[in-house]
Structures are given as C-alpha cells and as structure tokens.
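Asks: What follows is query_19.tsv, TSV, C-alpha atoms.
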chain	number	residue	atom	x	y	z
Q	1	MET	CA	104.37	97.43	-12.30
Q	2	SER	CA	104.46	97.68	-8.54
Q	3	VAL	CA	101.76	99.60	-6.76
Q	4	ALA	CA	102.98	102.41	-4.58
Q	5	VAL	CA	101.41	102.08	-1.17
Q	6	THR	CA	101.28	104.67	1.57
Q	7	VAL	CA	103.01	104.05	4.89
Q	8	LYS	CA	99.55	103.75	6.45
Q	9	GLU	CA	98.60	101.00	4.02
Q	10	ALA	CA	101.89	99.20	4.58
Q	11	ILE	CA	101.30	99.27	8.35
Q	12	GLU	CA	97.75	97.96	7.93
Q	13	GLN	CA	98.87	95.13	5.66
Q	14	LYS	CA	101.63	94.04	8.02
Q	15	LEU	CA	99.40	94.13	11.10
Q	16	LEU	CA	96.65	92.17	9.35
Q	17	ALA	CA	99.16	89.56	8.24
Q	18	ALA	CA	100.91	89.30	11.61
Q	19	PHE	CA	97.91	89.27	13.98
Q	20	GLU	CA	94.78	88.39	11.98
Q	21	PRO	CA	93.12	90.93	14.27
Q	22	MET	CA	89.48	91.06	15.20
Q	23	HIS	CA	89.78	94.82	14.96
Q	24	CYS	CA	92.59	96.99	13.61
Q	25	GLU	CA	92.80	100.74	13.24
Q	26	VAL	CA	95.74	102.68	11.88
Q	27	ILE	CA	95.46	106.42	12.38
Q	28	ASN	CA	97.86	108.95	10.88
Q	29	GLU	CA	98.36	111.53	13.60
Q	30	SER	CA	101.10	113.45	11.83
Q	31	ASN	CA	98.88	116.51	11.52
Q	32	ASN	CA	99.13	116.95	15.28
Q	33	HIS	CA	102.88	117.36	15.03
Q	34	ASN	CA	105.44	119.77	13.63
Q	35	VAL	CA	105.82	118.15	10.21
Q	36	PRO	CA	104.88	119.23	6.66
Q	37	PRO	CA	101.26	118.67	5.54
Q	38	GLY	CA	100.67	115.20	4.12
Q	39	SER	CA	103.45	113.63	6.21
Q	40	GLU	CA	103.29	110.04	7.36
Q	41	SER	CA	105.50	110.23	10.43
Q	42	HIS	CA	103.30	109.81	13.51
Q	43	PHE	CA	100.87	106.91	13.79
Q	44	LYS	CA	98.54	105.34	16.29
Q	45	VAL	CA	97.49	101.71	16.00
Q	46	VAL	CA	94.65	100.01	17.85
Q	47	ILE	CA	94.68	96.23	17.58
Q	48	VAL	CA	92.38	93.61	19.05
Q	49	ALA	CA	93.81	90.12	18.62
Q	50	LYS	CA	94.07	86.66	20.13
Q	51	ALA	CA	97.88	86.90	20.08
Q	52	PHE	CA	97.73	89.26	23.08
Q	53	GLU	CA	95.94	86.86	25.41
Q	54	GLY	CA	97.97	86.15	28.53
Q	55	GLU	CA	100.77	88.52	27.48
Q	56	ARG	CA	101.99	91.55	29.42
Q	57	LEU	CA	101.93	94.94	27.74
Q	58	ILE	CA	105.67	94.99	27.11
Q	59	LYS	CA	105.47	91.68	25.24
Q	60	ARG	CA	102.45	92.82	23.23
Q	61	HIS	CA	104.18	96.03	22.21
Q	62	ARG	CA	107.31	94.12	21.29
Q	63	LEU	CA	105.20	91.96	18.97
Q	64	VAL	CA	103.77	95.05	17.27
Q	65	ASN	CA	107.17	96.75	17.06
Q	66	GLY	CA	108.56	93.55	15.58
Q	67	ALA	CA	105.89	93.38	12.90
Q	68	LEU	CA	106.61	97.00	11.95
Q	69	ALA	CA	110.40	96.92	12.38
Q	70	GLU	CA	111.05	98.05	8.81
Q	71	GLU	CA	108.68	101.01	9.03
Q	72	LEU	CA	110.01	101.99	12.46
Q	73	ALA	CA	113.59	101.94	11.23
Q	74	GLU	CA	113.00	103.88	8.05
Q	75	LYS	CA	109.76	105.83	8.04
Q	76	ILE	CA	107.89	106.24	11.29
Q	77	HIS	CA	108.99	108.79	13.84
Q	78	ALA	CA	106.40	107.98	16.50
Q	79	LEU	CA	104.12	105.01	17.02
Q	80	ALA	CA	101.42	104.90	19.68
Q	81	ILE	CA	100.31	101.33	20.37
Q	82	HIS	CA	97.08	100.20	22.01
Q	83	THR	CA	96.56	96.46	22.25
Q	84	TYR	CA	93.56	94.53	23.53
Q	85	THR	CA	92.36	90.99	23.75
Q	86	GLU	CA	88.81	90.43	22.62
Q	87	GLN	CA	87.61	90.34	26.23
Q	88	GLU	CA	89.45	93.51	27.22
Q	89	TRP	CA	88.10	95.31	24.18
Q	90	GLN	CA	84.52	94.40	25.02
Q	91	ALA	CA	84.98	95.23	28.70
Q	92	GLN	CA	86.40	98.63	27.83
Q	93	PHE	CA	84.25	99.69	24.92
Q	94	GLY	CA	81.29	97.33	24.99
Q	95	ASN	CA	79.66	95.97	21.90
Q	96	VAL	CA	79.15	98.51	19.18
Q	97	PRO	CA	75.35	98.72	18.86
Q	98	THR	CA	73.87	97.42	15.64
Q	99	SER	CA	71.63	99.77	13.70
Q	100	PRO	CA	67.92	98.86	13.64
Q	101	ASN	CA	66.34	97.25	10.59
Q	102	CYS	CA	64.34	99.30	8.17
Q	103	LEU	CA	60.65	99.53	9.05
Q	104	GLY	CA	59.55	101.02	5.77
Q	105	GLY	CA	59.25	104.65	6.99
Q	106	SER	CA	61.07	106.13	4.01
Q	107	LYS	CA	58.19	105.40	1.62
J	1	MET	CA	133.62	104.27	28.73
J	2	ASP	CA	131.65	103.16	25.72
J	3	THR	CA	128.00	104.00	25.30
J	4	ILE	CA	126.60	100.58	26.13
J	5	GLU	CA	128.66	100.47	29.35
J	6	ARG	CA	127.29	103.89	30.31
J	7	ILE	CA	123.73	102.75	29.63
J	8	LYS	CA	124.22	99.61	31.74
J	9	GLU	CA	125.65	101.69	34.56
J	10	GLN	CA	122.77	104.17	34.45
J	11	ILE	CA	120.21	101.36	34.47
J	12	SER	CA	121.84	99.50	37.34
J	13	GLU	CA	122.50	102.57	39.49
J	14	ASN	CA	119.07	104.15	39.15
J	15	THR	CA	116.12	102.12	40.40
J	16	ILE	CA	113.65	104.34	38.56
J	17	LEU	CA	115.02	105.80	35.35
J	18	LEU	CA	113.31	107.55	32.45
J	19	TYR	CA	115.03	108.06	29.11
J	20	MET	CA	113.20	110.97	27.52
J	21	LYS	CA	113.38	113.89	25.14
J	22	GLY	CA	114.00	117.03	27.20
J	23	SER	CA	113.55	117.12	30.96
J	24	PRO	CA	110.48	116.52	33.16
J	25	LYS	CA	110.26	120.31	33.68
J	26	LEU	CA	110.82	121.09	30.01
J	27	PRO	CA	109.93	118.05	27.91
J	28	SER	CA	110.61	118.28	24.15
J	29	CYS	CA	108.05	115.72	23.04
J	30	GLY	CA	104.42	115.08	23.91
J	31	PHE	CA	105.02	111.42	24.68
J	32	SER	CA	107.95	112.20	26.99
J	33	SER	CA	105.83	114.87	28.63
J	34	GLN	CA	102.96	112.45	29.38
J	35	ALA	CA	105.33	109.79	30.67
J	36	SER	CA	107.18	112.14	33.01
J	37	GLN	CA	103.92	113.64	34.30
J	38	ALA	CA	102.66	110.17	35.19
J	39	LEU	CA	105.93	109.42	36.98
J	40	ILE	CA	105.84	112.71	38.88
J	41	SER	CA	102.30	111.80	40.01
J	42	CYS	CA	103.72	108.67	41.65
J	43	GLU	CA	105.51	111.00	44.09
J	44	GLU	CA	108.80	109.12	44.22
J	45	LYS	CA	112.21	110.34	43.21
J	46	PHE	CA	113.28	109.25	39.75
J	47	ALA	CA	116.29	109.80	37.52
J	48	TYR	CA	116.08	110.87	33.89
J	49	VAL	CA	118.40	111.08	30.92
J	50	ASP	CA	117.72	113.63	28.19
J	51	ILE	CA	118.53	111.73	25.01
J	52	LEU	CA	118.57	114.93	22.96
J	53	GLN	CA	121.66	115.93	24.97
J	54	ASN	CA	123.12	112.44	24.57
J	55	PRO	CA	122.98	111.51	20.88
J	56	ASP	CA	125.15	108.43	21.47
J	57	ILE	CA	122.63	107.02	23.95
J	58	ARG	CA	119.79	107.95	21.62
J	59	ALA	CA	121.49	105.90	18.89
J	60	GLU	CA	122.53	102.88	20.98
J	61	LEU	CA	119.77	102.37	23.56
J	62	PRO	CA	117.04	101.24	21.13
J	63	LYS	CA	119.28	98.37	20.00
J	64	TYR	CA	120.36	97.45	23.52
J	65	ALA	CA	116.78	97.60	24.82
J	66	ASP	CA	115.23	96.07	21.71
J	67	TRP	CA	112.77	98.94	21.90
J	68	PRO	CA	112.61	101.40	19.02
J	69	THR	CA	111.18	104.55	20.57
J	70	PHE	CA	111.43	107.03	23.45
J	71	PRO	CA	110.51	107.57	26.23
J	72	GLN	CA	111.64	104.38	27.94
J	73	LEU	CA	110.97	103.67	31.60
J	74	TRP	CA	113.39	101.33	33.38
J	75	VAL	CA	112.60	100.06	36.86
J	76	ASP	CA	114.87	97.75	38.82
J	77	GLY	CA	117.07	97.16	35.78
J	78	GLU	CA	114.16	96.14	33.54
J	79	LEU	CA	112.40	97.92	30.73
J	80	VAL	CA	108.79	98.58	31.74
J	81	GLY	CA	107.79	100.19	28.46
J	82	GLY	CA	107.13	103.38	26.55
J	83	CYS	CA	104.54	106.11	26.86
J	84	ASP	CA	101.45	104.02	26.07
J	85	ILE	CA	102.37	101.29	28.54
J	86	ILE	CA	103.22	103.86	31.22
J	87	MET	CA	99.88	105.64	30.72
J	88	GLU	CA	97.84	102.45	30.64
J	89	MET	CA	99.52	101.18	33.82
J	90	PHE	CA	99.02	104.58	35.45
J	91	GLN	CA	95.30	104.58	34.66
J	92	GLN	CA	94.97	101.07	36.12
J	93	GLY	CA	96.94	102.08	39.24
J	94	GLU	CA	99.67	99.55	38.43
J	95	LEU	CA	102.38	102.12	37.80
J	96	GLN	CA	101.94	103.69	41.23
J	97	THR	CA	102.31	100.26	42.88
J	98	LEU	CA	105.37	99.36	40.81
J	99	ILE	CA	107.09	102.69	41.49
J	100	LYS	CA	106.29	102.72	45.23
J	101	GLU	CA	107.55	99.17	45.67
J	102	ALA	CA	110.73	99.86	43.72
J	103	ALA	CA	111.40	103.03	45.73
J	104	ALA	CA	110.80	101.22	49.04
J	105	LYS	CA	113.08	98.36	48.05
J	106	SER	CA	115.86	100.71	47.00
J	107	ALA	CA	115.52	102.75	50.23
J	108	ALA	CA	115.74	99.54	52.29
J	109	ALA	CA	118.83	98.43	50.36
J	110	GLU	CA	120.53	101.76	51.06
J	111	GLY	CA	119.23	101.51	54.65
Once you've parsed the file, please lay out its structure as structure tokens.
Replies:
Amino acid sequence: MSVAVTVKEAIEQKLLAAFEPMHCEVINESNNHNVPPGSESHFKVVIVAKAFEGERLIKRHRLVNGALAEELAEKIHALAIHTYTEQEWQAQFGNVPTSPNCLGGSK
Amino acid sequence: MDTIERIKEQISENTILLYMKGSPKLPSCGFSSQASQALISCEEKFAYVDILQNPDIRAELPKYADWPTFPQLWVDGELVGGCDIIMEMFQQGELQTLIKEAAAKSAAAEG
C-alpha cells in the first residue's frame, strides 16, 4: 500500500534528494492567501546547499524549480525561493547559539 | 501574430519589462506588488504586461522562459528572475544598478 504524502512532504523529499542541503525549510504559507483552510498551494522554501556556490540567483532558482517541476505544474500555485551557500547563510544569520549544558539546578 | 512572436517582440522592444498580475498601480498578487514596488523605487521608466488580461501570454511565457511563475522581470532581453530574486537584488542594491545601467544604455541607443 502506498503512503499518501502531503505536498509539503513531497517538496521536502525532493529537495533533500536533489541538494543534500545543510539546511532546508519548507513552509506552507497558504493560510496567508485566499484559499480554503488546509490548502497546500503557497509555499516558501529556504535551502542552504553546496550546489549554489558560484551560481547566480537565476541559476539557483532554476535548479530549485527544476527539482520541483512536477509539483509546480500540478499542485503549487506560488513558490517563494530563498537559496544560500553555507557562507552566505552564516554571514546573514550567524551561527545558531547552542544551549548551555545542564548544571544540575533542577534537583 | 502568434503568442511566442508577441512575447519576443515585447521582450526585445522594452529594455525593462515586468510580466505581472494586475498593474503596478493595482497589482492583483502580493508577489507582483512587491516586484513592481521595487522597480518603481529604481525611478526609471519600465513597461509591464498584465498577464491576467493576456491569458495566452500567461500560458505560453513560462514555457518560453523556462520559468514557472509570475512576476517575471526581463532586462535587456534576458530574464532576471521572479519576485524573490528582484527583492534580494533590491536589498543588495544590485537591482538599482542593473536598472539604471539598462535605462542609460537604452536612452543612448535612442539618442
């Protein structure tokens, strides 16, 4: 029996397979738009991957559009794309701070 | 004239051209709205085509451009990108440079 996946899951799987990203976020933004509740029509993806190094934005977006061609043709109405190389990601957002270790204060 | 010929003519005759939903004054989509606002901020004249009024272009351009969504910004006969690229370039100041240079070049050519 095949497992029914959501559009969001399908997008995530395809991006992970295509880019082996260091970071990948798929956000369903359909609620912000004039569509029925529970829709999967408007998405935003944030991808940090080596594949984007040395490539202009148009090329990067073409790569993402290519990986999601099936979804774009059949399911997605709008796709916002934000692509970063590892260096750009760190320059823009810095390292996410790590939480401190436990010092035993809960006892 | 068939649709692809019309698209080619529009792209070659307009140095700065935005394919969008609605018009810059009355955009029909948030992404088209952002893109046209960024272009307006560059303070150069630009042409636009409302794809909601031109369903044939809406259907054909994504294939011709190999770009699935709107808006689409074309400068000097080349696709620059969609809303996210336009906004990112605008925030980096690259869009302003690109648009100013294209406008200056086109003015010189018309001389």
Asks: Go through J:Ile99, J:Cys29, J:Ala104, J:Leu52 and flag the residue nearest chain Q, using only C-alpha atoms for the distances.
Replies: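 Using only C-alpha atoms, the shortest distance to chain Q belongs to J:Cys29.
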Asks: Nearest to chain J: which of Q:Ala49, Q:Cys102, Q:Ala69, Q:Ile11 is it, counting all atoms listed in the file?
Replies: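 Comparing Q:Ala49, Q:Cys102, Q:Ala69, Q:Ile11 against chain J, the winner is Q:Ala69.
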Asks: Using only C-alpha atoms, which of the listed residues (J:Ser28, J:Thr15, J:Gln34, J:Gln91) sits closest to J:Glu110?
Replies: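 Closest to J:Glu110, using only C-alpha atoms: J:Thr15.
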Asks: Please provide as an MDAnalysis selection string all residues within 9 Å of stretch 79-81 of chain J, with the sequence filter that same-chain residues fewer than 4 positions apart are discarded (counting all atoms listed in the file).
Replies: (chainID Q and resid 57:58 61) or (chainID J and resid 65 67 71:75 85:86)
Asks: Can you tell me which residues surround Q:Gly38 at a distance of at most 12 Å, considering all atoms listed in the file, apart from same-chain residues fewer than 2 positions away, and format the answer as a list of chain:residue names?
Replies: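 Selected residues are Q:Thr6, Q:Val7, Q:Lys8, Q:Asn28, Q:Glu29, Q:Ser30, Q:Asn31, Q:Asn32, Q:His33, Q:Asn34, Q:Val35, Q:Pro36, Q:Glu40, Q:Ser41, Q:His42.
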Asks: Pick out the residues sitting within 12 Å of J:Ser106, and hand them over as a ChimeraX atom specification; count only C-alpha atoms, and ignore anything fewer than 4 positions along from it in its own chain.
Replies: /J:12-16,44-46,75-77,99-102,110-111
Asks: Distance cut-off 8 Å, counting only C-alpha atoms - which residues of chain Q neighbour chain J? Return them as an mmCIF file with C-alpha atoms, in the coordinates of the input.
Replies:
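Writing the result to result00.cif gives the following:
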data_model
loop_
_atom_site.group_PDB
_atom_site.id
_atom_site.type_symbol
_atom_site.label_atom_id
_atom_site.label_comp_id
_atom_site.auth_asym_id
_atom_site.auth_seq_id
_atom_site.Cartn_x
_atom_site.Cartn_y
_atom_site.Cartn_z
ATOM 1 C CA LEU Q 57 101.930 94.940 27.740
ATOM 2 C CA ILE Q 58 105.670 94.990 27.110
ATOM 3 C CA ARG Q 62 107.310 94.120 21.290
ATOM 4 C CA ASN Q 65 107.170 96.750 17.060
ATOM 5 C CA LEU Q 72 110.010 101.990 12.460
ATOM 6 C CA ALA Q 73 113.590 101.940 11.230
ATOM 7 C CA ALA Q 78 106.400 107.980 16.500
ATOM 8 C CA LEU Q 79 104.120 105.010 17.020
ATOM 9 C CA ALA Q 80 101.420 104.900 19.680
ATOM 10 C CA ILE Q 81 100.310 101.330 20.370
ATOM 11 C CA HIS Q 82 97.080 100.200 22.010
#
Asks: With only C-alpha atoms as the atoms that count, which of J:Ala107, J:Asp50, J:Leu39, J:Ile7 lies nearest to J:Leu26?
Replies: J:Asp50
Asks: Find, counting only C-alpha atoms, the residue in J:Ser23, J:Ala108, J:Ile11, J:Met87 that gets nearest to J:Gln53.
Replies: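 Counting only C-alpha atoms, the residue closest to J:Gln53 is J:Ser23.
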Asks: Report, in Å to a single decimal, how far apart atom CA of J:Phe90 and atom CA of J:Gly22 are.
Replies: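 Going from atom CA of J:Gly22 over to atom CA of J:Phe90 covers 21.2 Å.
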Asks: Between atom CA of Q:Pro21 and atom CA of Q:Lys50, what is the distance, to one decimal in Å?
Replies: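 It comes out at 7.3 Å.
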Asks: Which is closest to Q:Gln13 among Q:Ala51, Q:Leu68, Q:Val46, Q:Leu63, if we use all atoms listed in the file?
Replies: Q:Leu68
Asks: Excluding J:Asp2 and its own-chain neighbours fewer than 2 positions away, which residues fall within 10 Å of it when counting all atoms listed in the file? Please give them as a ChimeraX atom specification.
Replies: /J:4-7,56-57
Asks: Take atom CA of J:Lys63 and atom CA of Q:Lys59 and report the distance between them in Å, one decimal.
Replies: 16.2 Å
Asks: If we count all atoms listed in the file and set the cut-off at 12 Å, which residues sit around J:Pro55, ignoring sequence neighbours fewer than 6 positions away in its own chain? Please answer as an MDAnalysis selection string.
Replies: chainID J and resid 3 19:21 49 61:62
Asks: Output C-alpha atoms for every residue in that selection, as a compact mmCIF listing (two decimals), keeping the file's coordinate frame.
Replies:
# COMPACT_ATOMS: atom_id res chain seq x y z
CA THR J 3 128.00 104.00 25.30
CA TYR J 19 115.03 108.06 29.11
CA MET J 20 113.20 110.97 27.52
CA LYS J 21 113.38 113.89 25.14
CA VAL J 49 118.40 111.08 30.92
CA LEU J 61 119.77 102.37 23.56
CA PRO J 62 117.04 101.24 21.13
Asks: For stretch 24-43 of chain J, where the input has fewer atoms than it should, I would like N, CA, C and O atoms rebuilt and written as a compact mmCIF listing (two decimals), keeping the file's coordinate frame.
Replies:
# COMPACT_ATOMS: atom_id res chain seq x y z
N PRO J 24 111.86 116.52 32.65
CA PRO J 24 110.48 116.52 33.16
C PRO J 24 109.90 117.94 33.26
O PRO J 24 108.71 118.14 33.02
N LYS J 25 110.76 118.93 33.58
CA LYS J 25 110.26 120.31 33.68
C LYS J 25 110.07 120.93 32.31
O LYS J 25 109.22 121.80 32.13
N LEU J 26 110.91 120.51 31.35
CA LEU J 26 110.82 121.09 30.01
C LEU J 26 110.93 119.98 28.96
O LEU J 26 111.92 119.86 28.25
N PRO J 27 109.88 119.16 28.86
CA PRO J 27 109.93 118.05 27.91
C PRO J 27 109.87 118.57 26.47
O PRO J 27 109.23 119.58 26.19
N SER J 28 110.55 117.86 25.56
CA SER J 28 110.61 118.28 24.15
C SER J 28 109.74 117.43 23.26
O SER J 28 109.89 117.47 22.04
N CYS J 29 108.87 116.62 23.84
CA CYS J 29 108.05 115.72 23.04
C CYS J 29 106.81 115.39 23.86
O CYS J 29 106.89 115.24 25.08
N GLY J 30 105.67 115.32 23.20
CA GLY J 30 104.42 115.08 23.91
C GLY J 30 104.39 113.75 24.65
O GLY J 30 103.84 113.64 25.75
N PHE J 31 105.02 112.74 24.05
CA PHE J 31 105.02 111.42 24.68
C PHE J 31 105.91 111.42 25.93
O PHE J 31 105.54 110.86 26.96
N SER J 32 107.06 112.08 25.83
CA SER J 32 107.95 112.20 26.99
C SER J 32 107.28 113.02 28.09
O SER J 32 107.44 112.74 29.27
N SER J 33 106.53 114.02 27.67
CA SER J 33 105.83 114.87 28.63
C SER J 33 104.80 114.06 29.42
O SER J 33 104.76 114.10 30.65
N GLN J 34 103.98 113.29 28.71
CA GLN J 34 102.96 112.45 29.38
C GLN J 34 103.61 111.46 30.34
O GLN J 34 103.17 111.29 31.47
N ALA J 35 104.67 110.82 29.86
CA ALA J 35 105.33 109.79 30.67
C ALA J 35 105.92 110.41 31.94
O ALA J 35 105.75 109.85 33.04
N SER J 36 106.57 111.56 31.82
CA SER J 36 107.18 112.14 33.01
C SER J 36 106.12 112.68 33.97
O SER J 36 106.27 112.59 35.18
N GLN J 37 105.02 113.19 33.43
CA GLN J 37 103.92 113.64 34.30
C GLN J 37 103.37 112.48 35.13
O GLN J 37 103.09 112.62 36.32
N ALA J 38 103.19 111.34 34.48
CA ALA J 38 102.66 110.17 35.19
C ALA J 38 103.63 109.75 36.30
O ALA J 38 103.21 109.43 37.42
N LEU J 39 104.92 109.79 35.98
CA LEU J 39 105.93 109.42 36.98
C LEU J 39 105.94 110.40 38.14
O LEU J 39 106.02 110.00 39.31
N ILE J 40 105.86 111.69 37.83
CA ILE J 40 105.84 112.71 38.88
C ILE J 40 104.64 112.47 39.81
O ILE J 40 104.75 112.59 41.02
N SER J 41 103.51 112.05 39.22
CA SER J 41 102.30 111.80 40.01
C SER J 41 102.48 110.63 40.97
O SER J 41 101.68 110.49 41.90
N CYS J 42 103.47 109.79 40.74
CA CYS J 42 103.72 108.67 41.65
C CYS J 42 104.45 109.12 42.91
O CYS J 42 104.62 108.35 43.86
N GLU J 43 104.92 110.37 42.90
CA GLU J 43 105.51 111.00 44.09
C GLU J 43 106.72 110.27 44.65
O GLU J 43 106.89 110.20 45.87
